[in-house]
Amino acid sequence: MQGVMGDGGGVVSGGGSASGSMSTVSRDDNLVLSSEDSSSPDESELELALGLSIGCASGGLTKFQQTLRCQYARFLTAKDFPPLVSSASSSSSSSSLSASSSSSSSSSSLSRANVTAGTKRSADSVAVPNGSSSQVVGWPPLRAHRMNSLVNHVKSPTAEEFNSVGEKSRCTNAMSARADNGCDKKNGNYMEKGHKSLFVKVNMDGIPIGRKVDLSAHNGYEALARTLEDMFHGPTPLVNSLRSNGEKHDTVVRATGPSRLLDGSSEFVLTYEDKEGDWMLVGDVPWRMFLSSVKRLRIMKTSEANGLSPRLQEKSRRQRCKPI
Amino acid sequence: MIEDPVYQMSEDDDRSPPLDLGGPASVTESSNKTRNCTGVSGSGSSPIEFQAQYPDQVLENVLENVLYFLTSRRDRSAASLVCKSWLHAEALTRSDLFIGNCYAVSPQRVTARFTRVRSVSIKGKPRFADFNLMPPNWGAHFTPWVAAMATAYPWLEKVYLKRMSVSDDDLAHLADSFPGFKELVLVCCEGFGTSGLAVVASKCRQLRVLDLIESEVTDDDVDWISFFPESQIYLESLIFDCVECHVNFDALERLVARSPSLKKLRLNRLVSIGQLYRLMIRAPQLTHLGTGSFSTSAEVMAQGEQEPDYVSALAAAFAACKSLVCLSGFREILTDYLPAIYPVCANITSLNFSYANINAEQLKSVICHCHKLQIFWVLDSICDEGLQAVAATCKELRELRVFPVDAREDIEGPVSEVGLQAISEGCRNLRSILYFCQRMTNAAVIAMSRNCPDLVVFRLCIMGRRRPDHLTNEPMDEGFGAIVRNCKKLTRLATSGLLTDKAFSYIGEYGKLLRTLSVAFAGDSDMGLKYLLEGCPKLQKLEIRDSPFGDAALLSGLHHYYNMRFLWMSSCRVSRRGCREVARAMPRMVVEVMKNDLEEEVMADYVEILYMYRSLEGPRDDTPKFVEIL
C-alpha cells in the first residue's frame with residue numbers, strides 16, 4: 001500500500017474515478033466485484049491502486065494486467081481484435097481522458113470478470129458495436145503529464161466538433177469553469193460521476209513539514225491510519241537536514257504498530273478539522289460522512305487531545321443525529 | 001568540459017615527469033612505443049607496468065593530452081578498444097559519463113574504471129514505462145549510483161537522469177556529497193517531491209541549472225523556492241513546468257531578480273499571466289521562456305476584471321526580451337493575450353504550443369511572423385488548416401510534433417493526411433516529425449518521404465489501432481516502406497495503422513541506419529520480427545507491443561541482441577520457454593519476464609512482458625516481486 005501511495009501522492013488526477021466507475025459497472029452487470037463489496041482485502045487494495053491517477057504508473061498495475069489478460073484470451077490476428085469495453089462504460093465516457101481512465105478501468109473490471117465468469121462475459125463484449133471507444137492501457141502513447149493536462153481542456157466533452165466556433169466556446173467554457181472551481185485542478189474537473197481525488201493536508205505535532213494524503217484512495221479508517229503511520233514513520237535524513245537549519249525538536253516521531261492512531265493506545269491521536277472549523281477525533285462517524293466533512297488532518301499528541309475530548313464527544317454525538 | 005592538463009599529470013606522482021616531445025628522438029621513441037603497444041595487446045602476455053616502462057608513459061601522456069579533446073562518446077569507446085594503454089588513458093580522460101541503461105553496468109564497475117568524472121548521465125526505465133505498460137516500482141533507482149559517486153567523484157558537477165526513480169533521500173545525499181555541484185536535470189523521473197528540491201536548492205551553493213522536465217514531483221507542501229539562499233545569484237536555468245503545486249511567487253520573483261545569468265526559465269501552469277509579466281520585466285536577458293498558464297488567475301476572472309492594457313504591457317515585456325529564442329508554456333491560454341507574443345515571433349526558433357488549445361485562426365495570427373521557426377510542437381486543435389499555415393511560413397522547420405487534444409480512438413479527428421501533405425510540401429528541411437492523427441493515407445506518407453528526404457525521425461501515430469489507409473482501405477505498408485526507402489538518414493521510426501509483414505520486410509530491407517523502432521498492434525506473423533532482426537544491423541532499441549510475434553521470431557535475433565541496448569515485447573506471443581532459451585544462449589543478456597498477477601498462475605507459459613538487455617553484471621538484485629529474471 002505504501003509503495004502505491006508513494007507513487008501516486010503528488011499526481012493531479014481523478015483519484016477515485018476508477019474505483020467509482022468500477023462499482024458502477026459492477027452494479028449494472030450484476031457482478032460481485034466492487035471496491036466496497038469485495039471480500040478479500042487484497043483485492044480491494046488492488047482496486048484502490050486504480051484510483052490513484054489516470055497516468056500514474058501505480059494505477060497501471062491492475063488496469064494493465066487485466067487488459068493484457070483479456071487480450072491474450074481473445075487475441076488471434078489483427079482482424080479478430082474485439083473491443084474491450086461494454087456499453088456501460090461508453091455511457092460514462094463523456095470527457096475524453098476521463099473516458100480513457102474510467103473506461104479502461106471499467107474494462108479491467110470487465111476483464112477480471114471475464115476471467116472469473118468465463119465465456120459469457122466475452123460474448124457480451126464482442127456484441128458491442130464498433131462505434132464505442134475502446135480504450136487500451138498506454139494507447140495512444142501519451143505521457144501521463146500530457147494526458148492530465150489535456151483533461152483540463154475538455155470541459156463539455158460530448159460531440160465536440162473541431163471547428164473555430166467549437167474552439168472558442170471551449171476556451172470560454174474553460175474560463176468560466178475555472179472561475180467556478182478556482183485554481184485547484186485537483187478537485188473534480190474531469191470526473192462526471194463526481195469521483196474526485198481528495199487530497200488533504202496532514203500535519204504531525206513535532207514535524208515542521210506536512211504531507212498530503214488522498215483520502216478517496218482509501219476505503220476506511222484502518223487504511224488511512226496505516227498510510228499515515230507509514231508516512232510519518234521515523235525521521236528521514238532529509239527531515240533531519242532541514243531541521244538542522246532551524247529549530248530544535250524534542251520528540252522523534254515513531255509509528256508504534258498498526259492502527260494505534262485509532263485505538264488511543266499510542267501517544268498520538270488522529271484528529272481532523274471539519275467544515276465548521278472544529279477539531280474532531282477521527283473515527284467516530286461513518287467513513288463516507290467523514291470524507292464529506294474533513295478539511296484537514298492533524299496527528300496530535302494525546303496529551304493535547306485529552307483536553308478536547310469531552311467537546312469532541314459531544315460534537316460527534318450531535319453529528320450523528322444530523323441528517324446526511 | 002576540458003580539464004586543466006596540469007591537474008591530469010600532477011596526480012600521477014609515482015611517474016617521472018614527461019619527456020620533451022618536440023625533438024626527433026622522441027619521434028623514434030613514439031614509434032617504438034606503438035610497436036610495444038601493439039605487441040603487448042597482440043600477445044596478451046603480461047599486464048603492462050606503466051609505471052616501470054618509460055616509453056609507455058610518454059605514450060600515455062600523449063594520449064591523455066590528445067584524448068581529452070575527444071568528446072564524442074562513440075569515438076571514446078573506439079579509442080578505448082585499441083589496446084590496454086589506450087583503455088587506461090581514455091578512462092583517465094573521460095569526464096562525461098553516459099550510461100544508457102542503468103542496469104547494464106554497476107556503479108562500482110563504472111567508478112573503478114573512470115576516476116575523473118565531472119558529469120554523469122544515466123537512463124533507467126524503458127520508454128514504454130511512460131505509458132503504464134510496466135507495473136510501478138520496477139527499479140531504476142538512483143540510490144546505488146549516488147552512493148557510489150559520493151565517494152568516487154567528489155568533484156561531480158552535473159547529473160542528468162532520465163526515467164530514473166529518485167527519492168528525496170537521494171537528492172539529499174547528492175546535495176551533501178558534491179560541493180561543486182552545478183547542474184541537475186531530471187527528465188521523466190519520479191519518486192521525489194518538493195522536500196527533495198528544497199534540500200538541493202539550499203545546499204548546492206554552486207547550482208547553475210535545476211531542470212525538471214516531465215517529471216512527477218510530489219507536493220510535500222514545502223516552499224522549495226524559498227530555500228535558494230540569498231547568496232544564490234548564479235542561476236542560469238530553472239525549469240519547473242511539470243511541478244503541479246504552487247510556488248511561492250514572491251520568493252520566485254526575488255530569485256529571478258538576483259539572477260542576472262538566468263537564461264532559461266520555464267514556469268508551471270500555476271503561475272498566472274500577471275505574475276509572468278512581473279518576472280519577465282526582471283529578466284529581459286532570457287533566451288528560453290516557459291510562460292506558465294498564460295491566463296489570469298481565477299480570482300481575477302471571478303471578479304469580472306478585465307485588464308485591457310495588459311496585452312500591450314505584456315507585449316512590451318516580450319519585446320524587451322531581445323534574446324528570446326524558445327517559447328513554451330501557454331498551459332491554460334487566454335487567447336486574447338496571444339498578440340502579446342508577436343514581438344518575439346520573428347526571432348524564435350522553438351515554439352511549444354502543445355498545451356495550448358487554439359484554433360487555426362489563432363495560430364495563423366502568430367505563425368505568420370515565425371519565419372525562423374525550427375522546432376514546433378502543437379495541438380491538433382489547429383486542424384489541417386493550421387498546419388497549412390505552418391507549411392506556408394516555416395521554411396526552416398526541422399522538427400514538428402502534433403499532439404491530440406482528444407485521445408480517443410473512434411472520433412473524427414481534426415488533422416489528417418491533408419496536414420501531413422502540406423507540411424511535407426512546405427517544410428523541405430524537416431528532420432523529425434511526430435504526428436498523432438485519426439486518419440492517414442499511404443499517398444501522404446509517400447509524399448513526405450519524397451519531399452523530406454532528410455528525415456531522421458519519423459513517428460506516425462494513427463490513433464485507431466490497425467487502421468488502414470482511409471481512402472484506399474489498404475494497409476499502411478507502402479507508406480512506411482517509402483519512408484525507409486527514401487529517407488536514407490532515418491534512425492528512428494514509430495509505426496501505426498494496419499501493417500502486414502510486408503511493411504517489416506521493407507524496414508528490414510531499407511532501414512540500414514535504423515537505431516530505434518517502435519511497433520504497436522502490427523504485423524501478421526513471426527516473419528515480421530524476423531525481417532527486422534535480420535535486416536537492421538544498427539538496431540539498438542526495439543519496443544514492440546500487442547503484435548503477433550512469438551518464440552521463433554525471438555530466437556532469430558540471437559546474433560544481434562548483444563549489439564542492442566534493449567528489446568521490449570509486451571502482449572506478444574513469446575513464451576517462457578522461448579525466453580529461457582534466449583537466456584541460456586546468451587549469458588550476458590538479462591532476460592526479465594514480468595508477471596502481472598502475482599496470485600494466479602493462469603497461462604503459466606505466457607509472457608506478458610519481456611524486457612531484455614545486455615549487462616556486464618548479470619541479474620540485478622533489486623527486482624520487485626513481479627519481475628522474474630530467467
# chains A, B, ... in the order shown; residues from 1 in each chain; ligands from 1
$ select_by_dssp --residues "region 423-567 of chain B" --states "strand (DSSP E or B)" --output "PyMOL selection string"
chain B and resi 432-437+457-462+492-494+516-520+541-545+550+566-567
$ residues_around --residues "Val159 (chain B)" --least-positions-apart "3" --cutoff "9 Å" --atoms "only C-alpha atoms" --output "PyMOL selection string"
chain B and resi 118-122+156+181-186
$ write_last_selection --atoms "C-alpha atoms" --output "PDB file, in the first residue's frame"
ATOM      1  CA  ARG B 118      32.592  15.530 -13.725  1.00  0.00           C
ATOM      2  CA  SER B 119      29.307  14.776 -15.415  1.00  0.00           C
ATOM      3  CA  VAL B 120      27.083  11.715 -15.342  1.00  0.00           C
ATOM      4  CA  SER B 121      24.054  10.847 -17.472  1.00  0.00           C
ATOM      5  CA  ILE B 122      22.015   7.808 -16.595  1.00  0.00           C
ATOM      6  CA  LEU B 156      30.977  15.888  -9.682  1.00  0.00           C
ATOM      7  CA  PHE B 181      27.620  20.615  -7.915  1.00  0.00           C
ATOM      8  CA  LYS B 182      26.293  22.756 -10.735  1.00  0.00           C
ATOM      9  CA  GLU B 183      23.622  21.075 -12.844  1.00  0.00           C
ATOM     10  CA  LEU B 184      20.730  18.800 -12.078  1.00  0.00           C
ATOM     11  CA  VAL B 185      18.487  17.704 -14.911  1.00  0.00           C
ATOM     12  CA  LEU B 186      15.686  15.232 -14.204  1.00  0.00           C
TER      13      LEU B 186
END
$ interface_residues --of "chain B" --to "chain A" --cutoff "6 Å" --atoms "only C-alpha atoms" --output "VMD selection string"
chain B and resid 130 to 132 135 to 136 169 218 to 220 298 302 359 406 410 414 463 596
$ residues_around --residues "region 312-320 of chain B" --least-positions-apart "2" --cutoff "10 Å" --atoms "only C-alpha atoms" --output "list in words"
Ile273, Gly274, Leu276, Tyr277, Arg278, Leu279, Met280, Ile281, Arg282, Ala283, Pro284, Gln285, Leu286, Pro308, Asp309, Tyr310, Lys322, Ser323, Leu324, Tyr337, Leu338, Pro339, Ala340, Ile341, Tyr342, Pro343, Val344 and Cys345 of chain B
$ atom_distance --atom1 "CA of Gly277 (chain A)" --atom2 "CA of Lys301 (chain A)"
19.2 Å
$ atom_distance --atom1 "CA of Asp622 (chain B)" --atom2 "CA of Pro179 (chain B)"
29.6 Å
$ residues_around --residues "Ala147 (chain B)" --least-positions-apart "3" --cutoff "10 Å" --atoms "only C-alpha atoms" --output "list of chain:residue names"
B:Pro107, B:Gln108, B:Phe142, B:Thr143, B:Pro144, B:Ala150, B:Thr151, B:Ala152, B:Asp170, B:His173, B:Leu174, B:Ser177
$ write_last_selection --atoms "N, CA and C atoms" --output "CSV table (one decimal), in the first residue's frame"
chain,number,residue,atom,x,y,z
B,107,PRO,N,27.4,0.6,-10.6
B,107,PRO,CA,28.1,1.8,-10.2
B,107,PRO,C,29.6,1.5,-9.8
B,108,GLN,N,29.8,0.4,-9.2
B,108,GLN,CA,31.1,0.1,-8.7
B,108,GLN,C,32.1,-0.1,-9.9
B,142,PHE,N,18.1,5.5,-8.3
B,142,PHE,CA,19.3,6.3,-8.3
B,142,PHE,C,20.2,6.1,-7.1
B,143,THR,N,19.6,5.5,-6.1
B,143,THR,CA,20.3,5.4,-4.8
B,143,THR,C,21.7,4.8,-4.9
B,144,PRO,N,21.8,3.6,-5.5
B,144,PRO,CA,23.2,3.0,-5.5
B,144,PRO,C,24.2,3.8,-6.3
B,150,ALA,N,29.3,9.4,-4.6
B,150,ALA,CA,29.6,10.3,-3.5
B,150,ALA,C,31.0,10.1,-3.0
B,151,THR,N,31.5,8.9,-3.0
B,151,THR,CA,32.9,8.7,-2.6
B,151,THR,C,33.8,8.8,-3.8
B,152,ALA,N,33.4,8.3,-5.0
B,152,ALA,CA,34.3,8.3,-6.1
B,152,ALA,C,34.5,9.6,-6.8
B,170,ASP,N,17.8,10.5,-1.9
B,170,ASP,CA,18.9,10.6,-2.9
B,170,ASP,C,19.3,12.0,-3.2
B,173,HIS,N,21.3,13.2,-0.4
B,173,HIS,CA,22.7,12.7,-0.5
B,173,HIS,C,23.5,13.4,-1.5
B,174,LEU,N,22.9,13.7,-2.6
B,174,LEU,CA,23.6,14.4,-3.7
B,174,LEU,C,24.0,15.8,-3.2
B,177,SER,N,27.0,15.6,-0.9
B,177,SER,CA,28.2,14.9,-1.3
B,177,SER,C,29.1,15.7,-2.3
$ residues_around --residues "region 589-591 of chain B" --least-positions-apart "2" --cutoff "10 Å" --atoms "only C-alpha atoms" --output "PyMOL selection string"
chain B and resi 103-104+561-562+566-567+579-580+582-587+593-594+610-620+627-630
$ write_last_selection --atoms "N, CA, C and O atoms" --output "short mmCIF file (atom, residue, chain, number, x, y, z; two decimals), in the first residue's frame"
data_model
loop_
_atom_site.label_atom_id
_atom_site.label_comp_id
_atom_site.auth_asym_id
_atom_site.auth_seq_id
_atom_site.Cartn_x
_atom_site.Cartn_y
_atom_site.Cartn_z
N TYR B 103 21.17 -0.61 -15.68
CA TYR B 103 21.44 -1.98 -15.23
C TYR B 103 22.47 -2.69 -16.11
O TYR B 103 22.80 -3.84 -15.86
N ALA B 104 22.96 -2.02 -17.13
CA ALA B 104 23.94 -2.68 -17.99
C ALA B 104 25.30 -2.76 -17.30
O ALA B 104 26.14 -3.58 -17.66
N TYR B 561 21.37 -9.51 -30.49
CA TYR B 561 20.94 -8.91 -29.24
C TYR B 561 22.06 -8.27 -28.43
O TYR B 561 21.84 -7.30 -27.71
N TYR B 562 23.27 -8.78 -28.54
CA TYR B 562 24.36 -8.16 -27.79
C TYR B 562 24.70 -6.77 -28.31
O TYR B 562 25.35 -5.99 -27.62
N PHE B 566 18.34 -2.65 -25.73
CA PHE B 566 17.29 -3.47 -25.12
C PHE B 566 16.29 -3.93 -26.16
O PHE B 566 16.20 -3.38 -27.27
N LEU B 567 15.52 -4.94 -25.75
CA LEU B 567 14.37 -5.39 -26.53
C LEU B 567 13.19 -5.45 -25.57
O LEU B 567 13.28 -6.03 -24.49
N CYS B 579 11.86 -17.53 -24.01
CA CYS B 579 12.71 -16.58 -23.29
C CYS B 579 13.83 -17.28 -22.56
O CYS B 579 14.96 -16.79 -22.51
N ARG B 580 13.51 -18.44 -22.03
CA ARG B 580 14.55 -19.20 -21.33
C ARG B 580 15.64 -19.62 -22.29
O ARG B 580 16.83 -19.63 -21.96
N VAL B 582 16.59 -18.04 -24.91
CA VAL B 582 17.44 -16.86 -25.16
C VAL B 582 18.40 -16.68 -24.00
O VAL B 582 19.60 -16.45 -24.19
N ALA B 583 17.87 -16.78 -22.80
CA ALA B 583 18.71 -16.58 -21.62
C ALA B 583 19.86 -17.58 -21.59
O ALA B 583 20.99 -17.26 -21.23
N ARG B 584 19.55 -18.82 -21.98
CA ARG B 584 20.59 -19.86 -21.98
C ARG B 584 21.62 -19.60 -23.05
O ARG B 584 22.81 -19.77 -22.84
N ALA B 585 21.14 -19.18 -24.21
CA ALA B 585 22.07 -18.98 -25.33
C ALA B 585 22.94 -17.75 -25.14
O ALA B 585 24.03 -17.66 -25.70
N MET B 586 22.45 -16.79 -24.35
CA MET B 586 23.16 -15.53 -24.24
C MET B 586 23.37 -15.18 -22.77
O MET B 586 22.54 -14.50 -22.16
N PRO B 587 24.47 -15.64 -22.21
CA PRO B 587 24.69 -15.45 -20.78
C PRO B 587 24.81 -14.00 -20.33
O PRO B 587 24.54 -13.67 -19.18
N VAL B 593 11.26 -11.18 -17.24
CA VAL B 593 9.90 -11.54 -17.62
C VAL B 593 9.00 -10.98 -16.52
O VAL B 593 9.24 -11.23 -15.34
N MET B 594 8.00 -10.23 -16.92
CA MET B 594 7.20 -9.58 -15.88
C MET B 594 5.84 -10.20 -15.77
O MET B 594 5.12 -10.39 -16.77
N LEU B 610 8.23 -8.97 -21.87
CA LEU B 610 9.62 -9.39 -21.94
C LEU B 610 10.46 -8.13 -22.08
O LEU B 610 10.21 -7.31 -22.97
N TYR B 611 11.41 -7.97 -21.19
CA TYR B 611 12.32 -6.84 -21.31
C TYR B 611 13.72 -7.37 -21.15
O TYR B 611 14.06 -7.89 -20.08
N MET B 612 14.51 -7.33 -22.19
CA MET B 612 15.85 -7.89 -22.06
C MET B 612 16.93 -6.91 -22.55
O MET B 612 16.70 -6.13 -23.46
N TYR B 613 18.07 -6.99 -21.90
CA TYR B 613 19.14 -6.03 -22.17
C TYR B 613 20.48 -6.68 -21.84
O TYR B 613 20.56 -7.56 -20.99
N ARG B 614 21.51 -6.21 -22.49
CA ARG B 614 22.84 -6.74 -22.20
C ARG B 614 23.33 -6.09 -20.91
O ARG B 614 23.01 -4.94 -20.60
N SER B 615 24.13 -6.88 -20.20
CA SER B 615 24.64 -6.34 -18.95
C SER B 615 25.95 -7.03 -18.58
O SER B 615 26.13 -8.21 -18.81
N LEU B 616 26.83 -6.26 -17.99
CA LEU B 616 28.08 -6.84 -17.51
C LEU B 616 27.92 -7.46 -16.13
O LEU B 616 28.82 -8.10 -15.62
N GLU B 617 26.79 -7.20 -15.52
CA GLU B 617 26.66 -7.55 -14.11
C GLU B 617 25.80 -8.76 -13.84
O GLU B 617 25.68 -9.17 -12.70
N GLY B 618 25.14 -9.28 -14.84
CA GLY B 618 24.23 -10.37 -14.55
C GLY B 618 22.95 -9.83 -13.94
O GLY B 618 22.71 -8.63 -13.95
N PRO B 619 22.12 -10.72 -13.41
CA PRO B 619 20.81 -10.31 -12.91
C PRO B 619 20.95 -9.28 -11.78
O PRO B 619 21.81 -9.42 -10.92
N ARG B 620 20.07 -8.32 -11.79
CA ARG B 620 20.12 -7.30 -10.75
C ARG B 620 19.51 -7.85 -9.47
O ARG B 620 18.76 -8.81 -9.48
N VAL B 627 8.79 -9.19 -11.21
CA VAL B 627 9.80 -9.42 -12.24
C VAL B 627 10.53 -10.72 -11.95
O VAL B 627 10.95 -10.99 -10.83
N GLU B 628 10.69 -11.53 -13.02
CA GLU B 628 11.49 -12.72 -12.86
C GLU B 628 12.60 -12.67 -13.88
O GLU B 628 12.36 -12.35 -15.05
N ILE B 629 13.81 -12.98 -13.45
CA ILE B 629 14.92 -12.98 -14.39
C ILE B 629 15.25 -14.42 -14.73
O ILE B 629 15.53 -15.23 -13.85
N LEU B 630 15.19 -14.73 -16.02
CA LEU B 630 15.39 -16.12 -16.42
C LEU B 630 16.87 -16.45 -16.58
O LEU B 630 17.66 -15.59 -16.95
#
$ residues_around --residues "His88 (chain B)" --least-positions-apart "4" --cutoff "10 Å" --atoms "only C-alpha atoms" --output "PyMOL selection string"
chain B and resi 50+60+63-64+80+83-84+92-93+113-114
$ atom_distance --atom1 "CA of Arg450 (chain B)" --atom2 "CA of Cys427 (chain B)"
11.9 Å
$ closest_residue --among "B:Cys242, B:Pro260, B:Tyr531, B:Arg254" --to "Tyr355 (chain B)" --atoms "only C-alpha atoms"
B:Cys242
$ decode --residues "region 552-570 of chain B" --atoms "N, CA, C and O atoms" --output "CSV table (one decimal), in the first residue's frame"
chain,number,residue,atom,x,y,z
B,552,ALA,N,9.7,-18.2,-32.3
B,552,ALA,CA,10.6,-18.4,-33.5
B,552,ALA,C,11.2,-17.1,-33.9
B,552,ALA,O,12.4,-17.0,-34.2
B,553,ALA,N,10.4,-16.0,-33.8
B,553,ALA,CA,10.9,-14.7,-34.2
B,553,ALA,C,12.0,-14.3,-33.2
B,553,ALA,O,13.0,-13.7,-33.5
B,554,LEU,N,11.6,-14.4,-31.9
B,554,LEU,CA,12.5,-14.0,-30.8
B,554,LEU,C,13.9,-14.7,-31.0
B,554,LEU,O,15.0,-14.1,-30.9
B,555,LEU,N,13.9,-16.0,-31.3
B,555,LEU,CA,15.1,-16.7,-31.4
B,555,LEU,C,15.9,-16.4,-32.7
B,555,LEU,O,17.1,-16.7,-32.8
B,556,SER,N,15.3,-15.7,-33.6
B,556,SER,CA,16.0,-15.4,-34.8
B,556,SER,C,16.9,-14.2,-34.7
B,556,SER,O,17.7,-13.8,-35.6
B,557,GLY,N,16.9,-13.6,-33.5
B,557,GLY,CA,17.7,-12.4,-33.3
B,557,GLY,C,18.9,-12.6,-32.4
B,557,GLY,O,19.6,-11.7,-32.0
B,558,LEU,N,19.2,-13.9,-32.1
B,558,LEU,CA,20.3,-14.1,-31.2
B,558,LEU,C,21.7,-13.6,-31.6
B,558,LEU,O,22.5,-13.2,-30.8
B,559,HIS,N,21.8,-13.4,-32.9
B,559,HIS,CA,23.1,-12.9,-33.5
B,559,HIS,C,23.2,-11.4,-33.2
B,559,HIS,O,24.3,-10.9,-33.3
B,560,HIS,N,22.2,-10.8,-32.8
B,560,HIS,CA,22.2,-9.3,-32.8
B,560,HIS,C,22.0,-8.8,-31.4
B,560,HIS,O,22.3,-7.6,-31.2
B,561,TYR,N,21.4,-9.5,-30.5
B,561,TYR,CA,20.9,-8.9,-29.2
B,561,TYR,C,22.1,-8.3,-28.4
B,561,TYR,O,21.8,-7.3,-27.7
B,562,TYR,N,23.3,-8.8,-28.5
B,562,TYR,CA,24.4,-8.2,-27.8
B,562,TYR,C,24.7,-6.8,-28.3
B,562,TYR,O,25.3,-6.0,-27.6
B,563,ASN,N,24.3,-6.5,-29.5
B,563,ASN,CA,24.5,-5.1,-30.1
B,563,ASN,C,23.4,-4.1,-29.7
B,563,ASN,O,23.5,-3.0,-30.0
B,564,MET,N,22.4,-4.6,-29.0
B,564,MET,CA,21.3,-3.8,-28.7
B,564,MET,C,21.3,-3.3,-27.3
B,564,MET,O,21.9,-3.9,-26.4
B,565,ARG,N,20.7,-2.1,-27.1
B,565,ARG,CA,20.6,-1.7,-25.7
B,565,ARG,C,19.5,-2.5,-25.0
B,565,ARG,O,19.6,-2.9,-23.9
B,566,PHE,N,18.3,-2.7,-25.7
B,566,PHE,CA,17.3,-3.5,-25.1
B,566,PHE,C,16.3,-3.9,-26.2
B,566,PHE,O,16.2,-3.4,-27.3
B,567,LEU,N,15.5,-4.9,-25.8
B,567,LEU,CA,14.4,-5.4,-26.5
B,567,LEU,C,13.2,-5.4,-25.6
B,567,LEU,O,13.3,-6.0,-24.5
B,568,TRP,N,12.1,-4.8,-26.0
B,568,TRP,CA,10.9,-4.9,-25.2
B,568,TRP,C,9.8,-5.5,-26.0
B,568,TRP,O,9.5,-5.1,-27.2
B,569,MET,N,9.1,-6.5,-25.4
B,569,MET,CA,8.0,-7.1,-26.1
B,569,MET,C,6.9,-7.3,-25.1
B,569,MET,O,7.1,-8.1,-24.2
B,570,SER,N,5.8,-6.7,-25.3
B,570,SER,CA,4.6,-6.9,-24.4
B,570,SER,C,3.4,-7.3,-25.2
B,570,SER,O,3.2,-6.8,-26.3
